[in-house]
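Chemist: Here you go, data_22.cif (mmCIF, C-alpha atoms and all ligand atoms):
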```cif
data_coords
#
loop_
_atom_site.label_atom_id
_atom_site.label_comp_id
_atom_site.auth_asym_id
_atom_site.auth_seq_id
_atom_site.Cartn_x
_atom_site.Cartn_y
_atom_site.Cartn_z
CA MET M 344 -16.67 5.76 -11.40
CA LEU M 345 -14.90 7.65 -14.22
CA THR M 346 -11.93 9.80 -13.32
CA TRP M 347 -10.40 12.63 -15.33
CA PRO M 348 -7.42 12.66 -17.73
CA PRO M 349 -4.09 12.49 -15.88
CA PRO M 350 -1.67 15.39 -16.29
CA HIS M 351 1.73 14.67 -17.81
CA VAL M 352 4.39 14.40 -15.09
CA PRO M 353 7.85 15.14 -16.53
CA ALA M 354 10.89 13.11 -15.46
CA LEU M 355 13.55 14.79 -13.30
CA PRO M 356 17.23 13.97 -12.87
CA GLY M 357 18.00 12.02 -9.67
CA THR M 358 15.50 11.14 -6.95
CA GLY M 359 13.80 12.93 -4.10
CA ASP M 360 14.25 12.36 -0.37
CA PRO M 361 12.00 10.05 1.71
CA VAL M 362 8.84 12.02 2.41
CA ARG M 363 7.92 12.79 6.02
CA VAL M 364 4.39 13.81 6.98
CA LEU M 365 2.64 14.80 10.20
CA ASP M 366 0.72 11.88 11.67
CA SER M 367 -2.36 13.37 13.34
CA SER M 368 -2.61 10.43 15.74
CA THR M 369 0.84 10.78 17.29
CA GLY M 370 1.82 14.36 16.48
CA GLN M 371 5.05 12.95 15.04
CA VAL M 372 6.47 13.71 11.61
CA VAL M 373 7.05 10.28 10.09
CA VAL M 374 8.02 8.50 6.87
CA ALA M 375 4.59 7.05 6.08
CA ALA M 376 5.47 4.92 3.06
CA THR M 377 8.06 2.29 3.84
CA ARG M 378 7.65 -0.05 0.87
CA THR M 379 8.08 0.53 -2.87
CA GLU M 380 4.34 0.85 -3.35
CA ALA M 381 2.94 3.79 -1.40
CA THR M 382 -0.80 3.57 -0.74
CA LEU M 383 -3.07 6.52 -0.12
CA TYR M 384 -6.79 6.90 0.50
CA VAL M 385 -8.24 10.41 0.47
CA CYS M 386 -11.87 10.94 1.38
CA GLY M 387 -13.67 12.28 -1.67
CA ILE M 388 -16.42 14.84 -2.04
CA THR M 389 -20.07 14.67 -1.15
CA PRO M 390 -21.20 15.95 -4.53
CA TYR M 391 -23.08 19.16 -3.97
CA ASP M 392 -21.57 22.67 -4.10
CA ALA M 393 -18.30 21.33 -5.52
CA THR M 394 -15.50 22.27 -5.82
CA HIS M 395 -14.81 24.98 -3.27
CA MET M 396 -11.35 26.18 -2.27
CA GLY M 397 -11.32 23.98 0.85
CA HIS M 398 -11.88 20.87 -1.27
CA ALA M 399 -9.32 22.07 -3.82
CA ALA M 400 -6.68 22.73 -1.14
CA THR M 401 -7.18 19.27 0.35
CA TYR M 402 -6.87 17.43 -2.97
CA VAL M 403 -3.93 19.57 -4.11
CA ALA M 404 -2.13 18.79 -0.82
CA PHE M 405 -2.47 15.03 -1.28
CA ASP M 406 -1.57 15.43 -4.94
CA VAL M 407 1.72 17.01 -3.83
CA LEU M 408 2.25 14.04 -1.49
CA GLY M 409 1.75 11.64 -4.41
CA ARG M 410 4.14 13.65 -6.58
CA ALA M 411 6.81 13.71 -3.85
CA TRP M 412 6.38 9.96 -3.31
CA ARG M 413 6.80 9.27 -7.04
CA ASP M 414 9.88 11.48 -7.15
CA ALA M 415 11.30 9.52 -4.18
CA GLY M 416 11.02 6.32 -6.20
CA HIS M 417 7.69 4.93 -5.01
CA THR M 418 4.93 3.65 -7.18
CA VAL M 419 1.76 5.21 -5.85
CA ARG M 420 -1.63 3.61 -5.53
CA TYR M 421 -4.21 6.26 -4.79
CA ALA M 422 -7.83 5.53 -3.97
CA SER M 423 -10.74 7.88 -3.35
CA ASN M 424 -14.52 7.84 -3.15
CA VAL M 425 -17.51 9.97 -3.98
CA THR M 426 -20.18 10.02 -1.28
CA ASP M 427 -22.93 9.92 -3.88
CA VAL M 428 -25.68 9.09 -1.41
CA ASP M 429 -25.80 10.66 2.05
CA ASP M 430 -28.10 12.77 4.23
CA PRO M 431 -26.76 16.22 3.27
CA LEU M 432 -26.89 15.37 -0.45
CA LEU M 433 -30.49 14.12 -0.14
CA GLU M 434 -31.45 17.19 1.91
CA ARG M 435 -29.97 19.54 -0.69
CA ALA M 436 -31.69 17.70 -3.53
CA ALA M 437 -35.04 17.87 -1.70
CA ALA M 438 -34.59 21.56 -0.86
CA THR M 439 -33.82 22.51 -4.46
CA GLY M 440 -36.27 20.14 -6.14
CA VAL M 441 -33.53 18.33 -8.06
CA ASP M 442 -33.29 14.55 -8.30
CA TRP M 443 -30.46 13.51 -5.95
CA ARG M 444 -28.92 11.39 -8.70
CA ASP M 445 -28.79 14.35 -11.11
CA LEU M 446 -27.30 16.58 -8.41
CA ALA M 447 -24.62 13.99 -7.59
CA GLN M 448 -23.81 13.38 -11.24
CA SER M 449 -23.53 17.02 -12.24
CA GLN M 450 -21.38 17.94 -9.23
CA THR M 451 -19.13 14.92 -9.64
CA ALA M 452 -18.56 15.92 -13.28
CA LEU M 453 -17.78 19.51 -12.26
CA TYR M 454 -15.35 18.26 -9.62
CA ALA M 455 -13.55 16.13 -12.25
CA GLU M 456 -13.23 19.16 -14.54
CA ASP M 457 -11.86 21.25 -11.68
CA MET M 458 -9.36 18.57 -10.69
CA ALA M 459 -8.16 18.20 -14.29
CA ALA M 460 -7.76 21.98 -14.56
CA LEU M 461 -5.77 22.04 -11.30
CA ALA M 462 -3.48 19.26 -12.64
CA VAL M 463 -4.43 16.86 -9.86
CA ILE M 464 -3.36 13.28 -10.71
CA PRO M 465 -6.56 11.18 -10.67
CA PRO M 466 -7.07 8.26 -8.29
CA ASP M 467 -6.18 4.78 -9.53
CA ALA M 468 -9.28 3.44 -7.82
CA TYR M 469 -12.31 5.72 -7.62
CA SER M 470 -15.59 4.43 -6.31
CA GLY M 471 -18.97 5.93 -5.70
CA VAL M 472 -20.68 4.79 -2.53
CA VAL M 473 -23.62 3.49 -4.57
CA GLU M 474 -21.26 1.19 -6.51
CA ALA M 475 -19.82 -0.12 -3.24
CA ILE M 476 -23.14 -1.06 -1.59
CA PRO M 477 -22.85 -4.86 -2.13
CA ALA M 478 -19.39 -4.83 -0.54
CA VAL M 479 -20.66 -2.71 2.35
CA VAL M 480 -23.57 -5.11 2.95
CA GLU M 481 -21.16 -8.02 3.09
CA ALA M 482 -18.93 -6.15 5.54
CA VAL M 483 -21.83 -5.22 7.84
CA GLU M 484 -23.06 -8.83 7.79
CA LYS M 485 -19.54 -9.91 8.77
CA LEU M 486 -19.42 -7.44 11.68
CA LEU M 487 -22.86 -8.64 12.88
CA ALA M 488 -21.73 -12.27 12.69
CA ALA M 489 -18.58 -11.40 14.65
CA GLY M 490 -20.62 -9.73 17.40
CA ALA M 491 -19.06 -6.35 16.58
CA ALA M 492 -22.37 -4.85 15.43
CA TYR M 493 -26.00 -4.93 16.57
CA ARG M 494 -29.46 -4.04 15.37
CA VAL M 495 -31.54 -1.16 16.69
CA PRO M 496 -35.18 -1.73 15.77
CA THR M 497 -36.95 1.02 13.85
CA GLU M 498 -40.67 1.59 13.82
CA GLY M 499 -42.35 -1.27 12.00
CA HIS M 500 -39.07 -2.96 11.15
CA GLU M 501 -37.69 -5.60 13.41
CA LEU M 502 -34.45 -5.78 11.41
CA GLY M 503 -33.99 -2.10 12.07
CA ASP M 504 -30.78 -0.11 11.64
CA VAL M 505 -27.36 -1.61 12.32
CA TYR M 506 -24.74 0.02 14.56
CA ALA M 507 -21.12 -0.85 15.26
CA ASP M 508 -20.35 -1.85 18.83
CA LEU M 509 -17.24 0.20 19.54
CA SER M 510 -16.50 -1.83 22.65
CA ALA M 511 -15.45 -4.64 20.28
CA ASP M 512 -12.44 -2.55 19.18
CA VAL M 513 -9.76 -2.30 21.87
CA SER M 514 -7.94 0.37 19.86
CA PHE M 515 -10.93 2.70 19.46
CA GLY M 516 -9.94 6.28 20.19
CA LYS M 517 -6.33 6.04 19.09
CA VAL M 518 -6.75 7.87 15.78
CA ALA M 519 -7.89 11.20 17.19
CA GLY M 520 -7.02 10.68 20.86
CA LEU M 521 -9.90 12.82 22.13
CA GLU M 522 -11.69 13.00 25.48
CA ASP M 523 -15.12 11.41 25.71
CA ASP M 524 -17.02 14.70 26.03
CA LEU M 525 -15.41 16.18 22.94
CA MET M 526 -16.05 12.99 21.00
CA ARG M 527 -19.76 13.24 21.84
CA THR M 528 -19.95 16.88 20.84
CA LEU M 529 -18.16 16.30 17.54
CA SER M 530 -20.21 13.19 16.84
CA ALA M 531 -23.44 15.19 17.21
CA GLU M 532 -22.08 18.01 15.03
CA ARG M 533 -20.70 15.79 12.29
CA GLY M 534 -23.39 13.35 11.27
CA GLY M 535 -23.51 11.08 14.36
CA ASP M 536 -26.46 10.46 16.66
CA PRO M 537 -25.19 10.16 20.26
CA GLY M 538 -28.72 10.63 21.57
CA ARG M 539 -30.31 7.86 19.51
CA HIS M 540 -32.47 5.63 21.71
CA GLY M 541 -31.61 1.93 21.80
CA LYS M 542 -27.88 2.16 21.11
CA ARG M 543 -25.47 0.37 23.42
CA ALA M 544 -23.21 3.42 23.67
CA PRO M 545 -23.69 7.02 22.49
CA LEU M 546 -20.75 7.05 20.08
CA ASP M 547 -21.60 3.77 18.32
CA PRO M 548 -21.85 4.72 14.63
CA LEU M 549 -24.47 3.74 12.08
CA LEU M 550 -23.45 0.98 9.67
CA TRP M 551 -26.70 0.37 7.80
CA ARG M 552 -29.77 2.60 7.72
CA ARG M 553 -32.99 0.71 7.17
CA ALA M 554 -35.14 2.07 4.34
CA ARG M 555 -37.37 5.02 5.26
CA ASP M 556 -40.27 6.39 3.22
CA GLY M 557 -39.07 8.83 0.60
CA GLU M 558 -35.42 7.82 0.87
CA PRO M 559 -33.50 5.79 -1.70
CA ALA M 560 -32.80 2.22 -0.61
CA TRP M 561 -30.88 -0.78 -1.92
CA ASP M 562 -31.07 -4.50 -1.40
CA GLY M 563 -29.28 -5.22 1.84
CA GLY M 564 -29.46 -9.02 1.86
CA SER M 565 -29.99 -10.19 5.43
CA LEU M 566 -29.86 -6.55 6.60
CA GLY M 567 -33.03 -5.66 4.74
CA ALA M 568 -33.37 -2.82 2.26
CA GLY M 569 -31.56 0.37 3.21
CA ARG M 570 -28.39 2.37 2.66
CA PRO M 571 -24.91 2.45 4.17
CA GLY M 572 -23.70 4.56 7.07
CA TRP M 573 -20.93 7.01 6.26
CA HIS M 574 -17.80 5.59 7.89
CA ILE M 575 -18.20 1.98 6.76
CA GLU M 576 -18.23 3.17 3.14
CA CYS M 577 -14.72 4.57 3.32
CA ALA M 578 -13.47 1.57 5.32
CA VAL M 579 -14.73 -0.85 2.68
CA ILE M 580 -13.74 1.21 -0.37
CA ALA M 581 -10.22 1.73 0.99
CA ARG M 582 -9.85 -1.93 1.96
CA ASP M 583 -11.00 -3.17 -1.44
CA ALA M 584 -8.85 -0.70 -3.38
CA LEU M 585 -5.64 -0.83 -1.33
CA GLY M 586 -5.78 -3.83 0.97
CA LEU M 587 -5.15 -3.50 4.72
CA PRO M 588 -3.16 -2.01 6.23
CA PHE M 589 -2.46 0.89 3.88
CA ASP M 590 -0.07 3.80 4.34
CA VAL M 591 -2.06 7.03 4.61
CA GLU M 592 -5.68 7.92 5.16
CA GLY M 593 -6.17 11.57 4.43
CA GLY M 594 -8.71 14.34 4.34
CA GLY M 595 -9.46 17.67 5.94
CA SER M 596 -9.08 18.05 9.71
CA ASP M 597 -12.89 18.05 9.99
CA LEU M 598 -12.70 14.32 9.21
CA LEU M 599 -10.29 13.33 11.99
CA PHE M 600 -13.21 12.68 14.32
CA PRO M 601 -15.53 10.93 13.97
CA HIS M 602 -14.99 9.90 10.34
CA HIS M 603 -11.42 8.61 10.38
CA GLU M 604 -11.64 7.32 13.94
CA MET M 605 -14.69 5.26 12.95
CA SER M 606 -13.59 4.14 9.49
CA THR M 607 -10.28 2.96 10.95
CA SER M 608 -12.11 1.14 13.73
CA HIS M 609 -14.34 -0.61 11.17
CA ALA M 610 -11.30 -1.57 9.08
CA ARG M 611 -9.58 -3.03 12.14
CA LEU M 612 -12.57 -5.21 12.94
CA LEU M 613 -12.86 -6.35 9.32
CA ASP M 614 -9.22 -7.32 9.04
CA ALA M 615 -7.44 -8.46 12.16
CA GLY M 616 -6.58 -5.10 13.61
CA HIS M 617 -5.37 -3.37 10.45
CA GLY M 618 -6.42 0.10 9.32
CA ALA M 619 -4.47 3.03 7.92
CA ARG M 620 -0.90 3.25 9.30
CA VAL M 621 -0.79 7.03 9.32
CA HIS M 622 -3.49 9.72 9.31
CA VAL M 623 -2.76 13.01 7.60
CA HIS M 624 -5.06 16.02 7.76
CA THR M 625 -5.21 19.30 5.92
CA GLY M 626 -6.14 22.50 7.70
CA MET M 627 -9.44 24.22 7.08
CA VAL M 628 -9.65 26.90 4.42
CA GLY M 629 -11.89 29.74 5.48
CA LEU M 630 -13.38 32.88 4.06
CA ASP M 631 -13.46 36.01 6.24
CA GLY M 632 -12.64 33.99 9.33
CA HIS M 633 -15.21 31.22 8.89
CA LYS M 634 -14.61 27.68 7.64
CA MET M 635 -15.62 27.49 3.99
CA SER M 636 -18.45 24.99 4.00
CA LYS M 637 -21.40 23.92 1.99
CA SER M 638 -23.65 24.27 5.01
CA LEU M 639 -22.60 27.90 5.64
CA GLY M 640 -22.65 28.67 1.93
CA ASN M 641 -19.57 30.94 2.10
CA LEU M 642 -17.96 29.40 -0.94
CA VAL M 643 -15.36 30.37 -3.50
CA LEU M 644 -15.74 27.82 -6.28
CA VAL M 645 -12.93 26.72 -8.56
CA SER M 646 -15.36 26.58 -11.49
CA ARG M 647 -16.55 30.16 -10.86
CA LEU M 648 -12.97 31.47 -10.91
CA ARG M 649 -12.26 29.47 -14.07
CA GLU M 650 -15.34 30.98 -15.71
CA GLN M 651 -13.97 34.40 -14.83
CA GLY M 652 -10.82 33.52 -16.75
CA VAL M 653 -8.52 32.90 -13.77
CA ASP M 654 -5.64 30.62 -14.76
CA PRO M 655 -6.06 27.36 -12.78
CA MET M 656 -2.31 27.36 -12.23
CA ALA M 657 -2.70 30.64 -10.31
CA ILE M 658 -5.40 28.99 -8.15
CA ARG M 659 -3.05 26.09 -7.49
CA LEU M 660 -0.19 28.46 -6.62
CA ALA M 661 -2.45 30.42 -4.26
CA ILE M 662 -3.12 27.14 -2.42
CA LEU M 663 0.53 26.05 -2.39
CA ALA M 664 1.53 29.36 -0.75
CA HIS M 665 0.06 27.89 2.49
CA ARG M 666 1.28 24.92 4.50
CA TYR M 667 -1.25 22.13 4.04
CA ARG M 668 -1.69 21.45 7.75
CA ASP M 669 -2.42 25.09 8.70
CA ASP M 670 -5.85 26.70 8.71
CA TRP M 671 -5.90 29.69 6.40
CA ASP M 672 -8.29 32.13 4.71
CA TRP M 673 -8.81 32.39 0.98
CA THR M 674 -8.36 36.05 -0.06
CA ASP M 675 -8.40 38.03 -3.29
CA ALA M 676 -4.97 39.37 -2.36
CA GLY M 677 -3.62 35.82 -2.17
CA LEU M 678 -4.87 35.14 -5.67
CA VAL M 679 -3.36 38.37 -7.02
CA GLU M 680 -0.02 37.41 -5.45
CA ALA M 681 -0.24 33.96 -7.04
CA ARG M 682 -0.95 35.46 -10.48
CA GLU M 683 2.06 37.75 -10.16
CA ARG M 684 4.25 34.86 -9.04
CA LEU M 685 3.10 32.74 -11.98
CA GLU M 686 3.91 35.54 -14.39
CA ARG M 687 7.38 36.04 -12.83
CA TRP M 688 8.16 32.33 -13.01
CA ARG M 689 6.98 32.18 -16.64
CA ASP M 690 9.22 35.13 -17.53
CA ALA M 691 12.13 33.58 -15.68
CA VAL M 692 12.01 30.30 -17.64
CA SER M 693 11.48 31.90 -21.03
CA GLY M 694 15.16 32.03 -22.05
CA ASN M 695 17.60 29.27 -23.04
CA GLY M 696 20.02 29.79 -20.19
CA GLY M 697 19.63 30.64 -16.54
CA PRO M 698 21.18 30.23 -13.08
CA ASP M 699 22.39 26.75 -12.13
CA PRO M 700 19.22 24.75 -11.38
CA ASP M 701 20.72 21.86 -9.39
CA ALA M 702 20.67 23.47 -5.95
CA ALA M 703 17.14 24.75 -6.53
CA LEU M 704 15.90 21.27 -7.51
CA ALA M 705 17.53 19.76 -4.41
CA ALA M 706 16.06 22.48 -2.17
CA VAL M 707 12.53 22.04 -3.57
CA ARG M 708 12.85 18.29 -2.97
CA ALA M 709 14.07 18.84 0.59
CA ALA M 710 11.21 21.25 1.33
CA LEU M 711 8.56 18.79 0.11
CA ALA M 712 10.15 15.87 1.96
CA ASP M 713 9.86 17.96 5.12
CA ASP M 714 6.11 17.48 5.63
CA LEU M 715 5.17 19.01 2.27
CA ASP M 716 6.55 22.47 3.05
CA THR M 717 5.24 24.08 -0.12
CA PRO M 718 5.73 27.71 1.04
CA SER M 719 9.47 26.99 1.34
CA ALA M 720 9.45 25.24 -2.04
CA LEU M 721 7.87 28.35 -3.62
CA ALA M 722 10.48 30.55 -1.95
CA VAL M 723 13.24 28.44 -3.54
CA VAL M 724 11.74 28.90 -7.00
CA ASP M 725 11.18 32.62 -6.29
CA ALA M 726 14.88 33.01 -5.49
CA TRP M 727 15.94 31.17 -8.65
CA ALA M 728 13.49 33.26 -10.71
CA ALA M 729 14.77 36.52 -9.21
CA LEU M 730 18.34 35.58 -10.07
CA SER M 731 17.30 34.53 -13.55
CA LEU M 732 15.42 37.78 -14.18
CA ALA M 733 18.33 39.85 -12.82
CA GLY M 734 20.56 38.15 -15.41
CA THR M 735 23.61 38.39 -13.14
CA ALA M 736 24.44 34.69 -12.69
CA ASP M 737 26.59 32.73 -15.15
CA PRO M 738 24.00 31.22 -17.47
CA VAL M 739 23.75 27.42 -17.58
CA GLU M 740 22.26 26.13 -20.80
CA GLY M 741 18.99 24.25 -20.28
CA ALA M 742 18.53 25.55 -16.72
CA PRO M 743 15.08 27.08 -17.37
CA GLY M 744 13.89 23.70 -18.68
CA VAL M 745 15.06 21.93 -15.53
CA ILE M 746 13.25 24.46 -13.33
CA ALA M 747 10.08 24.31 -15.43
CA ARG M 748 10.10 20.51 -15.18
CA THR M 749 10.78 20.68 -11.42
CA VAL M 750 7.87 23.00 -10.85
CA ASP M 751 5.65 20.88 -13.10
CA ALA M 752 6.57 17.44 -11.73
CA LEU M 753 6.74 18.29 -8.03
CA LEU M 754 4.32 21.17 -7.59
CA GLY M 755 1.95 20.47 -10.47
CA ILE M 756 2.47 23.98 -11.87
CA ARG M 757 2.67 24.10 -15.67
CA LEU M 758 4.60 27.17 -16.76
N1 LIG E 1 -17.55 12.78 1.37
C1 LIG E 1 -17.01 13.11 2.64
C2 LIG E 1 -15.76 12.33 2.94
S1 LIG E 1 -15.99 10.60 2.79
C3 LIG E 1 -16.74 14.62 2.75
O1 LIG E 1 -16.27 15.04 3.78
N2 LIG E 1 -17.05 15.34 1.67
S2 LIG E 1 -16.89 16.93 1.60
O2 LIG E 1 -17.34 17.28 0.27
O3 LIG E 1 -17.55 17.54 2.68
O4 LIG E 1 -15.38 17.24 1.72
C4 LIG E 1 -14.46 16.73 0.79
C5 LIG E 1 -13.03 16.90 1.32
O5 LIG E 1 -12.72 18.27 1.45
C6 LIG E 1 -12.84 16.28 2.71
O6 LIG E 1 -11.54 15.72 2.78
C7 LIG E 1 -12.96 17.47 3.63
O7 LIG E 1 -12.25 17.28 4.85
C8 LIG E 1 -12.33 18.56 2.79
N3 LIG E 1 -12.83 19.90 3.15
C9 LIG E 1 -14.12 20.29 3.27
N4 LIG E 1 -14.17 21.61 3.62
C10 LIG E 1 -12.88 22.04 3.72
C11 LIG E 1 -12.27 23.29 4.05
N5 LIG E 1 -12.99 24.39 4.32
N6 LIG E 1 -10.92 23.35 4.04
C12 LIG E 1 -10.16 22.27 3.74
N7 LIG E 1 -10.69 21.07 3.43
C13 LIG E 1 -12.03 20.95 3.42
ZN ZN E 2 -14.47 9.28 3.85
#
```
Would you write out, as structure tokens, the structure that this file holds?

Modeler:
Amino acid sequence: MLTWPPPHVPALPGTGDPVRVLDSSTGQVVVAATRTEATLYVCGITPYDATHMGHAATYVAFDVLGRAWRDAGHTVRYASNVTDVDDPLLERAAATGVDWRDLAQSQTALYAEDMAALAVIPPDAYSGVVEAIPAVVEAVEKLLAAGAAYRVPTEGHELGDVYADLSADVSFGKVAGLEDDLMRTLSAERGGDPGRHGKRAPLDPLLWRRARDGEPAWDGGSLGAGRPGWHIECAVIARDALGLPFDVEGGGSDLLFPHHEMSTSHARLLDAGHGARVHVHTGMVGLDGHKMSKSLGNLVLVSRLREQGVDPMAIRLAILAHRYRDDWDWTDAGLVEARERLERWRDAVSGNGGPDPDAALAAVRAALADDLDTPSALAVVDAWAALSLAGTADPVEGAPGVIARTVDALLGIRL
């Protein structure tokens, strides 16, 4: 799948600190990347109603992680997917009378434009689910052969659907660490089918859905024609792009269970117990107290704001004003504040000289290394900008350039 043009990332003097992030599985703040190459998989969009502020906040957060990793001396390998065939996409296409392929294509293109505008560094490996179907089929066949999956007959089809047998994975449950009751509730709410007749256990997730009338289907080899279940797609795409284990699997907190629990379980069974080492989740962005979601329809779209002439850098700053792991509400006031901040910063770097930038660079680095504390990083730049605008400090030649490059390289804000 085509990505978007990468933004230029300016070089900075020195290097950043090792980056610590909150591991959702343990509640500990840990250094996730321990080798030179840092590997990251972030669950991509299901391409309808893209790109709302929740999506944007999630991808900006992991973009900041990638930037902090690079600054700390890592090479970064970043992989992502596009869920270009799935129930909600097909339902939306049917409801609006649009071909599901056209809907997926147009929304994926819009997402790419939005990401480029927000200066998000594109993935190095970017796969649609449709492209990954042969690899998924092979993986499901492997799980069946290993006794870690089973068939549930569907009407008229002996081959039926294929489900993972979670009892084959001794580590199941360790990603989210939830009680059984809550797992069942969340499974039912988030695409699972705990009540499906014929399964060995209620939580067992779908791996391969046998073709149904009116639904798109692909050659599934010994599985019969059909399409992939949701979690196995991300397990296979991440494995093939990054190898197992990889450092961080990320997404919004709505993906912790079941999606990341299940995709990690599948990965473990495909490769001798290895999945993602660390799971990192962004908080939910809401509007007027409700989670911003395609199903509720309470969306603020990046493309709509761009059409209205809002500077994408102001959108990015409005996001960075919140800690990635917190839930927060998108507000007009937050955007106004971000526009004012952007203007102040632009004014502050417009001269040749300014306050000594070294301490500010070090403090921005320290804030990001501390679990991507972007609000503190913004406060550091605010303080430097205030001093610069006051004109009271001894001017250091070239200081505004250092600050502009800091803000660009580490926060993705082009002044
Ligand atoms: N395609 C799947 C992942 S494989 C999916 O969840 N797609 S999505 O379009 O629904 O969401 C894309 C990403 O945005 C996911 O990481 C999701 O957790 C995140 N996301 C969705 N809504 C919000 C929100 N309101 N706030 C923050 N992040 C969100
Ligand atoms: Zn995913």

Chemist: Got a sec: who's within 12 Å of Gln371 in chain M, counting only C-alpha atoms, leaving out chain neighbours fewer than 5 positions off, as a tab-separated table (two decimals) with C-alpha atoms, in the coordinates of the input?

Modeler:
```
chain	number	residue	atom	x	y	z
M	363	ARG	CA	7.92	12.79	6.02
M	364	VAL	CA	4.39	13.81	6.98
M	365	LEU	CA	2.64	14.80	10.20
M	366	ASP	CA	0.72	11.88	11.67
M	621	VAL	CA	-0.79	7.03	9.32
M	622	HIS	CA	-3.49	9.72	9.31
M	623	VAL	CA	-2.76	13.01	7.60
M	714	ASP	CA	6.11	17.48	5.63
```

Chemist: At a cut-off of 6 Å, using all atoms listed in the file, what residues contact Thr382 in chain M? Leave out same-chain residues fewer than 5 positions from it and give the result as a ChimeraX atom specification.

Modeler: /M:419-421,589-590

Chemist: Would you tabulate, counting only C-alpha atoms and all ligand atoms, all residues of chain M that have an atom at most 8 Å from an atom of ligand LIG 1 (chain E), showing the closest pair of atoms and their distance in Å to one decimal, sorted by chain then ascending number, as a Markdown table?

Modeler:
```
| residue | atom | partner | partner_atom | distance |
| --- | --- | --- | --- | --- |
| M:Val385 | CA | E:LIG1 | O6 | 6.7 |
| M:Cys386 | CA | E:LIG1 | S1 | 4.4 |
| M:Gly387 | CA | E:LIG1 | N1 | 5.0 |
| M:Ile388 | CA | E:LIG1 | O2 | 3.5 |
| M:Thr389 | CA | E:LIG1 | N1 | 4.0 |
| M:Pro390 | CA | E:LIG1 | O2 | 6.3 |
| M:Tyr391 | CA | E:LIG1 | O2 | 7.4 |
| M:Ala393 | CA | E:LIG1 | O2 | 7.1 |
| M:His395 | CA | E:LIG1 | N4 | 7.7 |
| M:Met396 | CA | E:LIG1 | N6 | 6.9 |
| M:Gly397 | CA | E:LIG1 | N6 | 3.3 |
| M:His398 | CA | E:LIG1 | O5 | 3.9 |
| M:Ala399 | CA | E:LIG1 | O5 | 7.3 |
| M:Ala400 | CA | E:LIG1 | C12 | 6.0 |
| M:Thr401 | CA | E:LIG1 | N7 | 5.0 |
| M:Tyr402 | CA | E:LIG1 | O5 | 7.4 |
| M:Asn424 | CA | E:LIG1 | S1 | 6.7 |
| M:Val425 | CA | E:LIG1 | N1 | 6.0 |
| M:Thr426 | CA | E:LIG1 | N1 | 4.6 |
| M:Trp573 | CA | E:LIG1 | S1 | 7.0 |
| M:His574 | CA | E:LIG1 | S1 | 7.4 |
| M:Glu576 | CA | E:LIG1 | S1 | 7.8 |
| M:Cys577 | CA | E:LIG1 | S1 | 6.2 |
| M:Gly593 | CA | E:LIG1 | O6 | 7.0 |
| M:Gly594 | CA | E:LIG1 | O6 | 3.5 |
| M:Gly595 | CA | E:LIG1 | O7 | 3.0 |
| M:Ser596 | CA | E:LIG1 | O7 | 5.9 |
| M:Asp597 | CA | E:LIG1 | O7 | 5.2 |
| M:Leu598 | CA | E:LIG1 | O7 | 5.3 |
| M:His602 | CA | E:LIG1 | S1 | 7.6 |
| M:His624 | CA | E:LIG1 | O7 | 7.9 |
| M:Thr625 | CA | E:LIG1 | C12 | 6.2 |
| M:Gly626 | CA | E:LIG1 | C12 | 5.6 |
| M:Met627 | CA | E:LIG1 | N6 | 3.5 |
| M:Val628 | CA | E:LIG1 | N6 | 3.8 |
| M:Gly629 | CA | E:LIG1 | N5 | 5.6 |
| M:Lys634 | CA | E:LIG1 | N5 | 4.9 |
| M:Met635 | CA | E:LIG1 | N5 | 4.1 |
| M:Ser636 | CA | E:LIG1 | N4 | 5.5 |
| M:Lys637 | CA | E:LIG1 | O3 | 7.5 |
| M:Asp670 | CA | E:LIG1 | N6 | 7.7 |
```

Chemist: Counting only C-alpha atoms and all ligand atoms, which of M:Ser606, M:Gln450, M:Thr369, M:Ser646 gets nearest to ligand ZN 2 (chain E)?

Modeler: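 Of M:Ser606, M:Gln450, M:Thr369, M:Ser646, the one nearest ligand ZN 2 (chain E) is M:Ser606, counting only C-alpha atoms and all ligand atoms.
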
Chemist: With all atoms listed in the file as the basis for distance, which of M:Leu678, M:Asp536, M:Leu355, M:Ala578 is at the shortest distance from Asp701 in chain M?

Modeler: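 Result for the nearest residue to Asp701 in chain M: M:Leu355.
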
Chemist: What is the distance, in Å and to one decimal place, between CA of Trp688 in chain M and CA of Arg748 in chain M?

Modeler: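 Between these atoms lies a distance of 12.2 Å.
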
Chemist: Taking (-35.2, -5.5, 7.8) in the file's coordinates as the center, which residues reach within 10 Å of it, counting only C-alpha atoms, put as a CSV table (one decimal) with C-alpha atoms, keeping the file's coordinate frame?

Modeler:
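For reference, out19.csv as written:
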```csv
chain,number,residue,atom,x,y,z
M,494,ARG,CA,-29.5,-4.0,15.4
M,496,PRO,CA,-35.2,-1.7,15.8
M,497,THR,CA,-37.0,1.0,13.8
M,499,GLY,CA,-42.4,-1.3,12.0
M,500,HIS,CA,-39.1,-3.0,11.2
M,501,GLU,CA,-37.7,-5.6,13.4
M,502,LEU,CA,-34.4,-5.8,11.4
M,503,GLY,CA,-34.0,-2.1,12.1
M,504,ASP,CA,-30.8,-0.1,11.6
M,505,VAL,CA,-27.4,-1.6,12.3
M,552,ARG,CA,-29.8,2.6,7.7
M,553,ARG,CA,-33.0,0.7,7.2
M,554,ALA,CA,-35.1,2.1,4.3
M,563,GLY,CA,-29.3,-5.2,1.8
M,564,GLY,CA,-29.5,-9.0,1.9
M,565,SER,CA,-30.0,-10.2,5.4
M,566,LEU,CA,-29.9,-6.6,6.6
M,567,GLY,CA,-33.0,-5.7,4.7
M,568,ALA,CA,-33.4,-2.8,2.3
M,569,GLY,CA,-31.6,0.4,3.2
```
